[in-house]
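entry.txt (compact mmCIF, C-alpha atoms)
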# COMPACT_ATOMS: atom_id res chain seq x y z
CA MET A 1 110.71 -35.87 104.62
CA LYS A 2 114.23 -36.78 103.49
CA ARG A 3 117.10 -34.41 102.79
CA VAL A 4 118.31 -34.53 99.18
CA VAL A 5 121.94 -34.03 98.21
CA ILE A 6 123.92 -34.09 94.97
CA THR A 7 126.75 -36.64 94.99
CA GLY A 8 127.75 -36.73 91.33
CA ALA A 9 127.80 -34.43 88.31
CA GLY A 10 128.61 -34.90 84.64
CA THR A 11 128.38 -32.82 81.50
CA VAL A 12 129.11 -32.46 77.82
CA ASN A 13 128.74 -28.96 76.36
CA ALA A 14 130.53 -26.39 74.22
CA LEU A 15 132.70 -25.29 77.17
CA GLY A 16 133.99 -28.75 78.00
CA LEU A 17 133.44 -32.48 77.67
CA ASN A 18 133.42 -32.93 81.45
CA VAL A 19 132.71 -30.99 84.63
CA PRO A 20 136.27 -29.80 85.50
CA ASP A 21 136.83 -28.33 82.02
CA THR A 22 133.39 -26.71 82.04
CA LEU A 23 133.91 -25.07 85.43
CA GLU A 24 137.35 -23.84 84.40
CA ALA A 25 135.81 -22.22 81.32
CA MET A 26 133.11 -20.61 83.45
CA ARG A 27 135.72 -19.24 85.86
CA GLU A 28 137.69 -17.83 82.95
CA GLY A 29 134.60 -16.38 81.27
CA ARG A 30 135.41 -18.31 78.11
CA CYS A 31 132.89 -18.24 75.25
CA GLY A 32 131.87 -21.50 73.59
CA ILE A 33 129.90 -19.77 70.83
CA GLY A 34 131.32 -19.80 67.33
CA PRO A 35 130.64 -20.70 63.69
CA LEU A 36 128.40 -23.71 63.19
CA SER A 37 129.65 -26.69 61.23
CA PHE A 38 127.19 -29.10 59.64
CA GLN A 39 125.61 -29.85 56.26
CA ASP A 40 123.90 -26.92 54.53
CA VAL A 41 124.83 -24.41 57.24
CA GLU A 42 125.49 -21.87 54.46
CA ARG A 43 121.75 -21.86 53.72
CA LEU A 44 120.95 -20.53 57.19
CA ALA A 45 120.57 -16.91 58.22
CA ILE A 46 121.90 -17.86 61.68
CA GLN A 47 125.31 -19.48 61.43
CA ILE A 48 126.61 -19.30 65.00
CA GLY A 49 125.97 -21.51 68.01
CA ALA A 50 127.57 -23.20 71.00
CA GLN A 51 128.35 -26.45 69.21
CA VAL A 52 130.18 -29.32 70.89
CA HIS A 53 133.40 -29.90 68.98
CA ASP A 54 136.10 -32.55 69.48
CA PHE A 55 133.42 -35.09 70.34
CA ASP A 56 134.23 -38.30 68.45
CA GLU A 57 131.30 -40.64 69.04
CA THR A 58 133.05 -43.48 67.20
CA LYS A 59 135.63 -43.64 69.99
CA LEU A 60 132.95 -43.67 72.69
CA PHE A 61 130.32 -46.05 71.30
CA ASN A 62 130.37 -49.11 69.09
CA ARG A 63 128.61 -49.39 65.74
CA GLN A 64 125.53 -51.11 67.17
CA GLN A 65 125.14 -48.46 69.87
CA LEU A 66 125.44 -45.65 67.35
CA SER A 67 122.55 -47.12 65.37
CA LEU A 68 120.42 -46.49 68.49
CA TYR A 69 121.93 -43.31 69.96
CA ASP A 70 121.05 -39.90 68.60
CA ARG A 71 123.52 -37.15 69.49
CA PHE A 72 121.44 -36.01 72.49
CA THR A 73 121.50 -39.57 73.87
CA GLN A 74 125.26 -39.80 73.34
CA PHE A 75 125.79 -36.60 75.33
CA THR A 76 123.53 -37.89 78.10
CA LEU A 77 125.29 -41.22 78.48
CA ILE A 78 128.76 -39.65 78.66
CA ALA A 79 127.54 -37.15 81.26
CA ALA A 80 125.82 -39.91 83.24
CA ARG A 81 128.99 -42.00 83.27
CA GLU A 82 130.93 -39.07 84.70
CA ALA A 83 128.27 -38.36 87.33
CA LEU A 84 128.03 -41.95 88.52
CA ALA A 85 131.80 -42.39 88.54
CA GLN A 86 132.07 -39.38 90.85
CA ALA A 87 129.23 -40.61 93.04
CA GLY A 88 130.82 -44.06 93.28
CA LEU A 89 127.48 -45.84 92.97
CA GLU A 90 126.62 -49.19 91.41
CA PHE A 91 123.07 -50.48 91.28
CA SER A 92 121.99 -53.98 92.20
CA GLY A 93 119.37 -55.65 94.37
CA GLU A 94 116.97 -53.36 96.21
CA LEU A 95 118.93 -50.21 95.35
CA ALA A 96 118.55 -50.96 91.64
CA ALA A 97 114.87 -51.83 92.04
CA ARG A 98 114.06 -48.52 93.74
CA SER A 99 116.37 -46.09 91.91
CA GLY A 100 115.51 -44.46 88.61
CA VAL A 101 116.15 -41.71 86.10
CA VAL A 102 114.17 -38.64 85.07
CA LEU A 103 115.60 -36.39 82.38
CA GLY A 104 114.54 -33.26 80.54
CA ASN A 105 114.52 -32.94 76.78
CA SER A 106 112.59 -30.80 74.31
CA GLY A 107 113.43 -31.69 70.73
CA GLY A 108 114.20 -35.40 70.94
CA GLY A 109 116.44 -36.84 68.25
CA MET A 110 116.42 -33.77 66.04
CA THR A 111 119.63 -34.79 64.26
CA THR A 112 118.14 -38.19 63.43
CA LEU A 113 114.92 -36.56 62.24
CA ASP A 114 116.84 -34.09 60.08
CA GLU A 115 119.00 -36.79 58.50
CA ASN A 116 116.05 -39.00 57.66
CA TYR A 117 113.88 -36.22 56.25
CA ARG A 118 116.81 -35.37 54.01
CA SER A 119 117.17 -39.02 53.01
CA VAL A 120 113.48 -39.43 52.11
CA TYR A 121 112.59 -36.02 50.66
CA GLU A 122 115.86 -34.84 49.15
CA ASP A 123 117.64 -38.06 48.22
CA GLY A 124 114.42 -39.85 47.24
CA LYS A 125 115.03 -42.98 49.30
CA ASN A 126 112.03 -45.15 50.12
CA ARG A 127 113.33 -46.74 53.30
CA VAL A 128 114.77 -45.52 56.58
CA HIS A 129 116.71 -47.41 59.25
CA PRO A 130 114.45 -49.66 61.38
CA PHE A 131 115.68 -47.94 64.56
CA VAL A 132 114.73 -44.39 63.55
CA VAL A 133 111.77 -44.25 65.96
CA PRO A 134 113.62 -45.56 69.07
CA LYS A 135 116.54 -43.31 68.17
CA LEU A 136 114.58 -40.05 67.90
CA MET A 137 112.00 -40.48 70.68
CA ASN A 138 112.32 -38.00 73.56
CA ASN A 139 112.63 -40.74 76.17
CA ALA A 140 115.53 -42.49 74.40
CA ALA A 141 118.22 -40.98 76.63
CA ALA A 142 116.38 -41.83 79.86
CA SER A 143 115.76 -45.37 78.66
CA HIS A 144 119.39 -45.97 77.70
CA VAL A 145 120.65 -44.53 80.99
CA SER A 146 118.32 -46.87 82.88
CA MET A 147 119.59 -49.84 80.86
CA GLU A 148 123.29 -49.00 81.14
CA PHE A 149 123.18 -48.52 84.91
CA ASN A 150 120.52 -51.09 85.86
CA LEU A 151 118.02 -48.53 87.14
CA LYS A 152 114.71 -50.35 87.58
CA GLY A 153 112.72 -47.73 89.47
CA PRO A 154 110.76 -44.73 88.09
CA SER A 155 112.25 -43.67 84.75
CA PHE A 156 110.77 -41.10 82.38
CA THR A 157 111.35 -37.90 80.39
CA VAL A 158 109.93 -34.42 80.99
CA SER A 159 109.43 -32.16 77.99
CA THR A 160 108.63 -28.54 78.82
CA ALA A 161 110.75 -26.64 76.31
CA CYS A 162 113.47 -24.58 78.00
CA ALA A 163 112.40 -25.60 81.51
CA SER A 164 112.60 -29.35 80.84
CA SER A 165 115.73 -29.98 82.92
CA ASN A 166 114.53 -27.98 85.92
CA HIS A 167 111.16 -29.71 85.80
CA ALA A 168 112.91 -33.09 85.59
CA MET A 169 115.24 -32.31 88.48
CA SER A 170 112.29 -31.05 90.51
CA GLN A 171 110.56 -34.39 90.00
CA ALA A 172 113.70 -36.27 91.00
CA PHE A 173 114.03 -34.09 94.09
CA GLN A 174 110.42 -34.70 95.05
CA MET A 175 110.76 -38.49 94.75
CA VAL A 176 113.87 -38.66 96.90
CA HIS A 177 112.54 -36.03 99.32
CA GLY A 178 109.33 -38.00 99.78
CA GLY A 179 111.17 -41.26 100.43
CA SER A 180 109.90 -43.21 97.43
CA THR A 181 113.44 -43.74 96.11
CA PRO A 182 116.93 -43.36 97.60
CA VAL A 183 118.69 -42.29 94.38
CA MET A 184 117.63 -40.62 91.15
CA ILE A 185 119.76 -39.86 88.11
CA THR A 186 118.50 -36.58 86.69
CA GLY A 187 119.26 -33.58 84.50
CA GLY A 188 118.70 -33.12 80.81
CA SER A 189 120.13 -32.87 77.31
CA GLU A 190 119.53 -31.41 73.88
CA SER A 191 121.06 -31.40 70.42
CA MET A 192 119.14 -29.29 67.91
CA LEU A 193 122.15 -27.87 66.06
CA CYS A 194 121.41 -29.24 62.63
CA PHE A 195 119.97 -27.60 59.52
CA GLY A 196 116.32 -28.32 60.33
CA GLY A 197 116.69 -27.48 64.00
CA VAL A 198 118.25 -24.07 63.46
CA LYS A 199 115.99 -23.30 60.48
CA ALA A 200 112.94 -23.86 62.69
CA TRP A 201 114.30 -21.51 65.36
CA GLU A 202 115.07 -18.86 62.75
CA GLY A 203 111.34 -18.58 62.14
CA LEU A 204 110.80 -17.20 65.64
CA ARG A 205 113.13 -14.26 64.96
CA VAL A 206 114.63 -14.41 68.44
CA MET A 207 118.13 -15.52 67.41
CA SER A 208 121.25 -13.37 67.37
CA LYS A 209 123.57 -13.45 64.38
CA ASP A 210 126.65 -12.39 66.31
CA ALA A 211 126.67 -13.01 70.10
CA CYS A 212 124.67 -13.72 73.24
CA ARG A 213 124.66 -10.62 75.47
CA PRO A 214 122.21 -11.18 78.35
CA PHE A 215 121.12 -8.07 80.26
CA SER A 216 123.22 -5.77 78.04
CA ALA A 217 121.25 -2.90 76.49
CA ASN A 218 122.50 -3.87 73.02
CA ARG A 219 121.45 -7.53 73.27
CA ASN A 220 119.77 -8.81 70.14
CA GLY A 221 118.69 -12.36 70.78
CA MET A 222 119.56 -15.81 72.00
CA VAL A 223 122.21 -18.18 70.68
CA GLN A 224 121.47 -21.86 70.63
CA GLY A 225 123.78 -24.45 72.17
CA GLU A 226 123.79 -28.19 72.75
CA GLY A 227 124.88 -30.60 75.44
CA ALA A 228 123.88 -32.45 78.59
CA GLY A 229 124.10 -32.16 82.34
CA VAL A 230 123.45 -35.17 84.57
CA PHE A 231 123.42 -35.41 88.38
CA VAL A 232 123.03 -37.97 91.11
CA PHE A 233 120.33 -36.89 93.57
CA GLU A 234 120.64 -38.99 96.72
CA GLU A 235 118.98 -39.21 100.08
CA TYR A 236 121.30 -37.57 102.62
CA GLU A 237 121.58 -40.43 105.13
CA HIS A 238 122.18 -42.92 102.31
CA ALA A 239 125.00 -40.72 101.03
CA ARG A 240 126.45 -40.07 104.50
CA LYS A 241 126.53 -43.72 105.48
CA ARG A 242 128.58 -44.66 102.45
CA GLY A 243 130.92 -41.69 102.86
CA ALA A 244 129.95 -39.93 99.64
CA ASP A 245 131.36 -36.52 98.75
CA ILE A 246 128.39 -34.13 98.81
CA LEU A 247 128.47 -31.35 96.25
CA ALA A 248 125.38 -29.42 97.40
CA GLU A 249 121.96 -29.90 98.94
CA VAL A 250 118.73 -29.40 97.00
CA VAL A 251 116.35 -27.72 99.42
CA GLY A 252 113.29 -26.67 97.44
CA PHE A 253 111.56 -26.04 94.14
CA ALA A 254 108.48 -24.48 92.61
CA MET A 255 106.68 -24.68 89.29
CA THR A 256 104.16 -22.23 87.86
CA SER A 257 102.35 -21.54 84.62
CA ASP A 258 101.87 -18.06 83.17
CA ALA A 259 98.64 -19.18 81.47
CA SER A 260 98.89 -16.12 79.24
CA ASP A 261 101.01 -16.33 76.09
CA ILE A 262 102.84 -19.09 74.21
CA VAL A 263 106.08 -17.12 73.74
CA MET A 264 105.97 -13.87 75.76
CA PRO A 265 107.10 -14.31 79.39
CA SER A 266 105.11 -13.07 82.38
CA LYS A 267 106.69 -11.26 85.30
CA ASN A 268 103.99 -12.60 87.60
CA GLY A 269 104.54 -16.23 86.59
CA ALA A 270 108.30 -15.96 87.05
CA ALA A 271 107.95 -14.17 90.39
CA ARG A 272 105.53 -16.78 91.71
CA ALA A 273 107.99 -19.54 90.82
CA ILE A 274 110.89 -17.79 92.54
CA ALA A 275 108.83 -17.00 95.64
CA GLY A 276 107.46 -20.54 95.66
CA ALA A 277 110.94 -22.06 95.66
CA LEU A 278 111.92 -19.89 98.62
CA HIS A 279 108.77 -20.92 100.47
CA ASP A 280 109.30 -24.62 99.73
CA ALA A 281 112.90 -24.39 100.96
CA LYS A 282 111.86 -22.37 104.05
CA LEU A 283 114.25 -19.61 103.05
CA ASN A 284 114.06 -15.86 103.45
CA PRO A 285 114.91 -13.65 100.47
CA GLU A 286 118.05 -12.36 102.19
CA ASP A 287 119.39 -15.94 102.47
CA VAL A 288 120.00 -16.08 98.72
CA GLY A 289 123.39 -14.95 97.43
CA TYR A 290 123.33 -16.01 93.79
CA ILE A 291 120.80 -16.67 91.04
CA ASN A 292 121.67 -18.43 87.83
CA ALA A 293 119.30 -16.57 85.55
CA HIS A 294 117.33 -17.88 82.63
CA GLY A 295 118.92 -14.88 80.89
CA THR A 296 118.42 -15.71 77.22
CA GLY A 297 119.67 -12.43 75.78
CA THR A 298 116.29 -11.51 74.30
CA ALA A 299 114.80 -8.12 75.08
CA ALA A 300 111.61 -9.55 76.58
CA ASN A 301 113.06 -12.29 78.77
CA ASP A 302 115.85 -10.35 80.43
CA LYS A 303 113.83 -7.34 81.54
CA THR A 304 110.92 -9.56 82.67
CA GLU A 305 113.22 -11.75 84.73
CA CYS A 306 114.94 -8.78 86.37
CA ALA A 307 111.55 -7.28 87.22
CA ALA A 308 110.44 -10.58 88.77
CA VAL A 309 113.61 -10.78 90.87
CA ALA A 310 113.14 -7.19 92.02
CA ASP A 311 109.54 -7.90 93.02
CA VAL A 312 110.41 -10.99 95.06
CA PHE A 313 113.59 -9.77 96.74
CA GLY A 314 112.79 -6.11 97.26
CA ALA A 315 115.78 -4.19 98.65
CA HIS A 316 117.85 -7.39 98.75
CA ALA A 317 117.73 -7.58 94.94
CA ASP A 318 120.51 -4.97 94.82
CA ARG A 319 122.73 -7.23 96.95
CA LEU A 320 122.16 -10.36 94.86
CA MET A 321 124.51 -11.65 92.20
CA ILE A 322 122.62 -12.83 89.11
CA SER A 323 124.37 -14.13 86.00
CA SER A 324 123.50 -15.89 82.77
CA THR A 325 125.94 -18.59 81.73
CA LYS A 326 124.04 -18.91 78.43
CA SER A 327 126.40 -16.12 77.34
CA MET A 328 129.09 -18.83 77.33
CA HIS A 329 127.46 -22.21 76.59
CA GLY A 330 124.45 -20.96 74.65
CA HIS A 331 120.81 -21.81 75.21
CA CYS A 332 120.75 -25.60 75.35
CA ILE A 333 116.93 -25.67 75.36
CA GLY A 334 115.77 -28.83 77.20
CA GLY A 335 119.24 -29.42 78.64
CA THR A 336 120.05 -25.86 79.61
CA GLY A 337 118.91 -25.91 83.24
CA ALA A 338 121.05 -28.95 83.95
CA ILE A 339 124.21 -27.39 82.53
CA GLU A 340 123.43 -24.18 84.43
CA LEU A 341 123.10 -26.09 87.71
CA LEU A 342 126.87 -26.62 87.50
CA ALA A 343 127.33 -22.86 87.94
CA CYS A 344 125.18 -22.97 91.09
CA ILE A 345 127.24 -25.84 92.50
CA MET A 346 130.46 -23.96 91.69
CA ALA A 347 129.19 -20.89 93.53
CA LEU A 348 128.21 -22.92 96.60
CA ARG A 349 131.14 -25.34 96.73
CA ASP A 350 134.03 -23.31 95.32
CA GLY A 351 132.92 -19.77 96.11
CA VAL A 352 133.21 -18.71 92.46
CA VAL A 353 130.31 -16.98 90.71
CA ALA A 354 130.27 -17.42 86.94
CA PRO A 355 130.02 -14.17 84.95
CA THR A 356 127.63 -12.88 82.34
CA ILE A 357 130.04 -12.38 79.46
CA GLY A 358 129.38 -10.17 76.44
CA TYR A 359 127.97 -7.44 78.69
CA GLU A 360 128.63 -4.08 76.99
CA GLU A 361 125.98 -1.49 77.88
CA PRO A 362 123.94 -1.07 81.09
CA ASP A 363 120.19 -1.40 80.66
CA PRO A 364 118.04 0.52 83.19
CA GLU A 365 115.44 -2.27 82.91
CA CYS A 366 118.08 -4.80 83.99
CA ALA A 367 119.64 -2.77 86.78
CA LEU A 368 120.87 -5.66 88.93
CA ASP A 369 124.36 -7.01 89.67
CA VAL A 370 124.73 -9.29 86.66
CA VAL A 371 128.40 -10.14 87.41
CA PRO A 372 129.52 -8.57 84.13
CA ASN A 373 132.27 -10.26 82.13
CA VAL A 374 134.52 -11.44 84.98
CA ALA A 375 133.93 -14.24 87.49
CA ARG A 376 133.76 -13.24 91.14
CA ASP A 377 135.01 -14.86 94.34
CA ALA A 378 132.24 -14.78 96.93
CA LYS A 379 130.88 -16.94 99.72
CA VAL A 380 127.44 -18.17 98.67
CA ASP A 381 125.24 -20.14 101.05
CA VAL A 382 122.10 -20.41 98.91
CA ALA A 383 121.66 -20.33 95.13
CA LEU A 384 118.63 -20.42 92.86
CA SER A 385 118.42 -21.74 89.31
CA ASN A 386 115.74 -20.13 87.14
CA ALA A 387 114.11 -21.65 84.05
CA PHE A 388 111.27 -19.89 82.23
CA ALA A 389 110.08 -21.68 79.10
CA PHE A 390 108.00 -21.00 76.02
CA GLY A 391 104.45 -21.92 76.85
CA GLY A 392 104.75 -19.96 80.09
CA LEU A 393 106.15 -22.91 82.06
CA ASN A 394 108.42 -21.93 84.94
CA ALA A 395 110.60 -24.00 87.27
CA VAL A 396 112.99 -22.75 89.96
CA LEU A 397 115.34 -24.88 92.08
CA ALA A 398 116.90 -23.84 95.40
CA LEU A 399 120.27 -25.23 96.53
CA ARG A 400 122.27 -24.82 99.73
CA ARG A 401 125.96 -25.14 100.54
CA VAL A 402 126.82 -28.21 102.63

How does the structure come out when it is put into structure tokens?
Amino acid sequence: MKRVVITGAGTVNALGLNVPDTLEAMREGRCGIGPLSFQDVERLAIQIGAQVHDFDETKLFNRQQLSLYDRFTQFTLIAAREALAQAGLEFSGELAARSGVVLGNSGGGMTTLDENYRSVYEDGKNRVHPFVVPKLMNNAAASHVSMEFNLKGPSFTVSTACASSNHAMSQAFQMVHGGSTPVMITGGSESMLCFGGVKAWEGLRVMSKDACRPFSANRNGMVQGEGAGVFVFEEYEHARKRGADILAEVVGFAMTSDASDIVMPSKNGAARAIAGALHDAKLNPEDVGYINAHGTGTAANDKTECAAVADVFGAHADRLMISSTKSMHGHCIGGTGAIELLACIMALRDGVVAPTIGYEEPDPECALDVVPNVARDAKVDVALSNAFAFGGLNAVLALRRV
């Protein structure tokens, strides 16, 4: 089996339009959540979110491209360009033929869908743009990344709600680990911050009207965000031979299903995914120093996740650092695990653990070290990234410092 390393990273999210700005915001504990700005926002009960501002797509893409690129695809392409520029890779010949892209996404082109429903049902138009379908389909971002970078190997999209990115990255890891491909571009993206997207989420009654406060006793719900995170997963010897800068090593993963409830999380399902990732990576519980939590800020998720961590790690749970960066960049649904992986890389590579901001009151059901409000300098050798999705679909990645 091959070793798998990360040689490039890129992002667009509410904290920054690139990786350096995002990591600086995480170190500072800066909040990207604020008032939403789009058509008909005043009709919504929820009017806050981690929206990407200062993103001028007309300066990044030409008119023809914009007719094909929904906002989630735009985010993905910008993040992929950053990741591949850092990795220093170009694809031709056999490398192009064997390399591919697997991305996570949940809602597809929600902005495109929203705009065209409005056009047909509200404005009474009888025609839509001929590219509406290729623009809104969930695999659009993966397809456009493959075309822009000449990736002719396995390319597809994984859609498993809030675990989409972690499932996608797990698949990319498995393909490189098993030797079927030397390089995979992977991660995920989402952009559901439009009237229809937020209105649909309002119906679940899990959204906060004021702030995201994971693990705090006075938490009152999640806050939605948007953005993308994209990485280059590369076979270690391939990366070493070309002198690539290695950000971290991916050493294991696990996926489980709760098989119990469509929206309520299961401690057992989460615990099995965490334990499975440790087993796959051949790690002991005490090897882990940091967990980037799913940490949505809902009452059910946070206490269930803390209970699962306590079950798996036993006495070591009290020595773990566990934080939720959703408190800063919001819950980016299908793209959230990819953006959160940046916090794991920062902990491993820079020795800085991102905080859980907005933490105000201790909760006895979340009695772990949640790195409240202020980032922490610490040497971390192993980090886990948790993702626990609606539908009871769980995916956990394990990374090691190189």

With the cut-off set at 10 Å and counting only C-alpha atoms, tabulate each residue of range 27-128 of chain A with an atom at most that distance from an atom of range 231-242 of chain A, showing the nearest atom pair and its distance in Å to one decimal, ordered by chain and increasing number, as a tab-separated table.
residue	atom	partner	partner_atom	distance
A:Ala79	CA	A:Phe231	CA	8.4
A:Ala80	CA	A:Phe231	CA	7.2
A:Glu82	CA	A:Phe231	CA	9.1
A:Ala83	CA	A:Phe231	CA	5.8
A:Leu84	CA	A:Val232	CA	6.9
A:Gln86	CA	A:Val232	CA	9.2
A:Ala87	CA	A:Val232	CA	7.0
A:Gly88	CA	A:Arg242	CA	9.5
A:Leu89	CA	A:Val232	CA	9.2
A:Ser99	CA	A:Glu234	CA	9.6
A:Val101	CA	A:Val232	CA	9.3
A:Leu103	CA	A:Phe231	CA	9.9

Report as a tab-separated table: every residue of range 120-226 of chain A with an atom at most 12 Å from range 8-15 of chain A, its closest pair of atoms, and their distance in Å to one decimal, counting only C-alpha atoms, with rows sorted by chain and ascending residue number.
residue	atom	partner	partner_atom	distance
A:Val183	CA	A:Gly8	CA	11.1
A:Met184	CA	A:Gly8	CA	10.8
A:Ile185	CA	A:Gly8	CA	9.2
A:Thr186	CA	A:Ala9	CA	9.7
A:Gly187	CA	A:Ala9	CA	9.4
A:Gly188	CA	A:Thr11	CA	9.7
A:Ser189	CA	A:Val12	CA	9.0
A:Glu190	CA	A:Asn13	CA	9.8
A:Ser191	CA	A:Asn13	CA	10.0
A:Leu193	CA	A:Ala14	CA	11.8
A:Gln224	CA	A:Ala14	CA	10.7
A:Gly225	CA	A:Ala14	CA	7.3
A:Glu226	CA	A:Asn13	CA	6.2

*Which distance in Å separates CA of Met110 in chain A and CA of Glu202 in chain A, to one decimal?*
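For CA of Met110 in chain A relative to CA of Glu202 in chain A, the distance reads 15.3 Å.
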
*Please, what distance in Å, to one decimal, runs between CA of Met169 in chain A and CA of Leu397 in chain A?*
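CA of Leu397 in chain A lies at a distance of 8.3 Å from CA of Met169 in chain A.
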
*Point out the residue among A:Met26, A:Met175, A:Ile322, A:Ala161 with the least atom-to-atom distance to Gly295 in chain A, counting all atoms listed in the file.*
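Once distances to Gly295 in chain A are computed over all atoms listed in the file, the minimum belongs to A:Ile322.
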
*Calculate how many Å separate CA of Met192 in chain A from CA of Val371 in chain A, rounding to one decimal.*
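We find that CA of Met192 in chain A and CA of Val371 in chain A lie 28.9 Å from each other.
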
*What residues have an atom no more than 10 Å from (126.5, -24.8, 73.6) in the file's own frame, counting all atoms listed in the file, and can you write them as a ChimeraX atom specification?*
/A:12-16,31-34,49-53,190-191,193,223-228,326-333,335-336,339

*Smallest atom-to-atom distance to Asn386 in chain A: which of A:Asp114, A:Glu305, A:Asp363, A:Asp318, using all atoms listed in the file?*
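The closest residue to Asn386 in chain A is A:Glu305.
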
*Compare A:Arg43, A:Arg30, A:His144, A:Arg81 by their minimum atom-to-atom distance to Leu66 in chain A, counting all atoms listed in the file, and give me the closest one.*
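Distance minimum relative to Leu66 in chain A lands on A:His144.
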
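Of the listed residues A:Ile46, A:Ala398, A:Ala271, A:Arg376, the one whose atoms come nearest to Lys199 in chain A is A:Ile46, with distances taken using all atoms listed in the file.
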
*Excluding Leu283 in chain A and any residue of its chain fewer than 6 positions from it, enumerate the residues within 10 Å of it, using all atoms listed in the file, and give them as a ChimeraX atom specification.*
/A:251-252,275,277,382,398

*Near Arg213 in chain A, within 12 Å and counting all atoms listed in the file, which residues show up once chain neighbours fewer than 3 positions away are dropped, as a PyMOL selection string?*
chain A and resi 31+33+207-210+216-223+295-299+302+323-331+355-363+370+372-373

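The smallest atom-to-atom distance between Leu348 in chain A and any of A:Leu247, A:Ala45, A:Ala25, A:Ala387, using all atoms listed in the file, is found for A:Leu247.
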
_Need to verify the contact set: Phe253 in chain A, 12 Å, all atoms listed in the file, exclusion of same-chain residues closer than 2 positions in sequence. Can you return it as an MDAnalysis selection string?_
chainID A and resid 4 166:174 177 250:251 255:256 272:283 383:387 394:399

Please enclose the listed atoms of range 49-54 of chain A in an axis-aligned box, pad each side by 8 Å, and write out the centre and the three edge lengths in Å, rounded to one decimal, as lines of an AutoDock Vina configuration file.
center_x = 131.0
center_y = -27.0
center_z = 69.5
size_x = 26.1
size_y = 27.0
size_z = 19.0

Please, could N, CA and C atoms be added to range 109-120 of chain A and the result written as a PDB file, keeping the file's coordinate frame?
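Once written, out_14.pdb looks like this:
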ATOM      1  N   GLY A 109     115.339 -36.573  69.174  1.00  0.00           N
ATOM      2  CA  GLY A 109     116.440 -36.840  68.250  1.00  0.00           C
ATOM      3  C   GLY A 109     116.348 -35.979  67.006  1.00  0.00           C
ATOM      4  N   MET A 110     116.569 -34.698  67.154  1.00  0.00           N
ATOM      5  CA  MET A 110     116.420 -33.770  66.040  1.00  0.00           C
ATOM      6  C   MET A 110     117.420 -34.064  64.920  1.00  0.00           C
ATOM      7  N   THR A 111     118.636 -34.457  65.276  1.00  0.00           N
ATOM      8  CA  THR A 111     119.630 -34.790  64.260  1.00  0.00           C
ATOM      9  C   THR A 111     119.181 -35.996  63.443  1.00  0.00           C
ATOM     10  N   THR A 112     118.654 -37.007  64.120  1.00  0.00           N
ATOM     11  CA  THR A 112     118.140 -38.190  63.430  1.00  0.00           C
ATOM     12  C   THR A 112     116.967 -37.828  62.528  1.00  0.00           C
ATOM     13  N   LEU A 113     116.069 -37.007  63.033  1.00  0.00           N
ATOM     14  CA  LEU A 113     114.920 -36.560  62.240  1.00  0.00           C
ATOM     15  C   LEU A 113     115.384 -35.808  61.002  1.00  0.00           C
ATOM     16  N   ASP A 114     116.332 -34.891  61.189  1.00  0.00           N
ATOM     17  CA  ASP A 114     116.840 -34.090  60.080  1.00  0.00           C
ATOM     18  C   ASP A 114     117.479 -34.970  59.014  1.00  0.00           C
ATOM     19  N   GLU A 115     118.306 -35.909  59.439  1.00  0.00           N
ATOM     20  CA  GLU A 115     119.000 -36.790  58.500  1.00  0.00           C
ATOM     21  C   GLU A 115     118.020 -37.643  57.701  1.00  0.00           C
ATOM     22  N   ASN A 116     116.973 -38.115  58.350  1.00  0.00           N
ATOM     23  CA  ASN A 116     116.050 -39.000  57.660  1.00  0.00           C
ATOM     24  C   ASN A 116     115.046 -38.263  56.786  1.00  0.00           C
ATOM     25  N   TYR A 117     114.662 -37.048  57.165  1.00  0.00           N
ATOM     26  CA  TYR A 117     113.880 -36.220  56.250  1.00  0.00           C
ATOM     27  C   TYR A 117     114.687 -35.942  54.982  1.00  0.00           C
ATOM     28  N   ARG A 118     115.951 -35.645  55.159  1.00  0.00           N
ATOM     29  CA  ARG A 118     116.810 -35.370  54.010  1.00  0.00           C
ATOM     30  C   ARG A 118     116.906 -36.617  53.110  1.00  0.00           C
ATOM     31  N   SER A 119     117.045 -37.764  53.759  1.00  0.00           N
ATOM     32  CA  SER A 119     117.170 -39.020  53.010  1.00  0.00           C
ATOM     33  C   SER A 119     115.923 -39.312  52.175  1.00  0.00           C
ATOM     34  N   VAL A 120     114.741 -39.094  52.780  1.00  0.00           N
ATOM     35  CA  VAL A 120     113.480 -39.430  52.110  1.00  0.00           C
ATOM     36  C   VAL A 120     113.079 -38.356  51.099  1.00  0.00           C
TER      37      VAL A 120
END
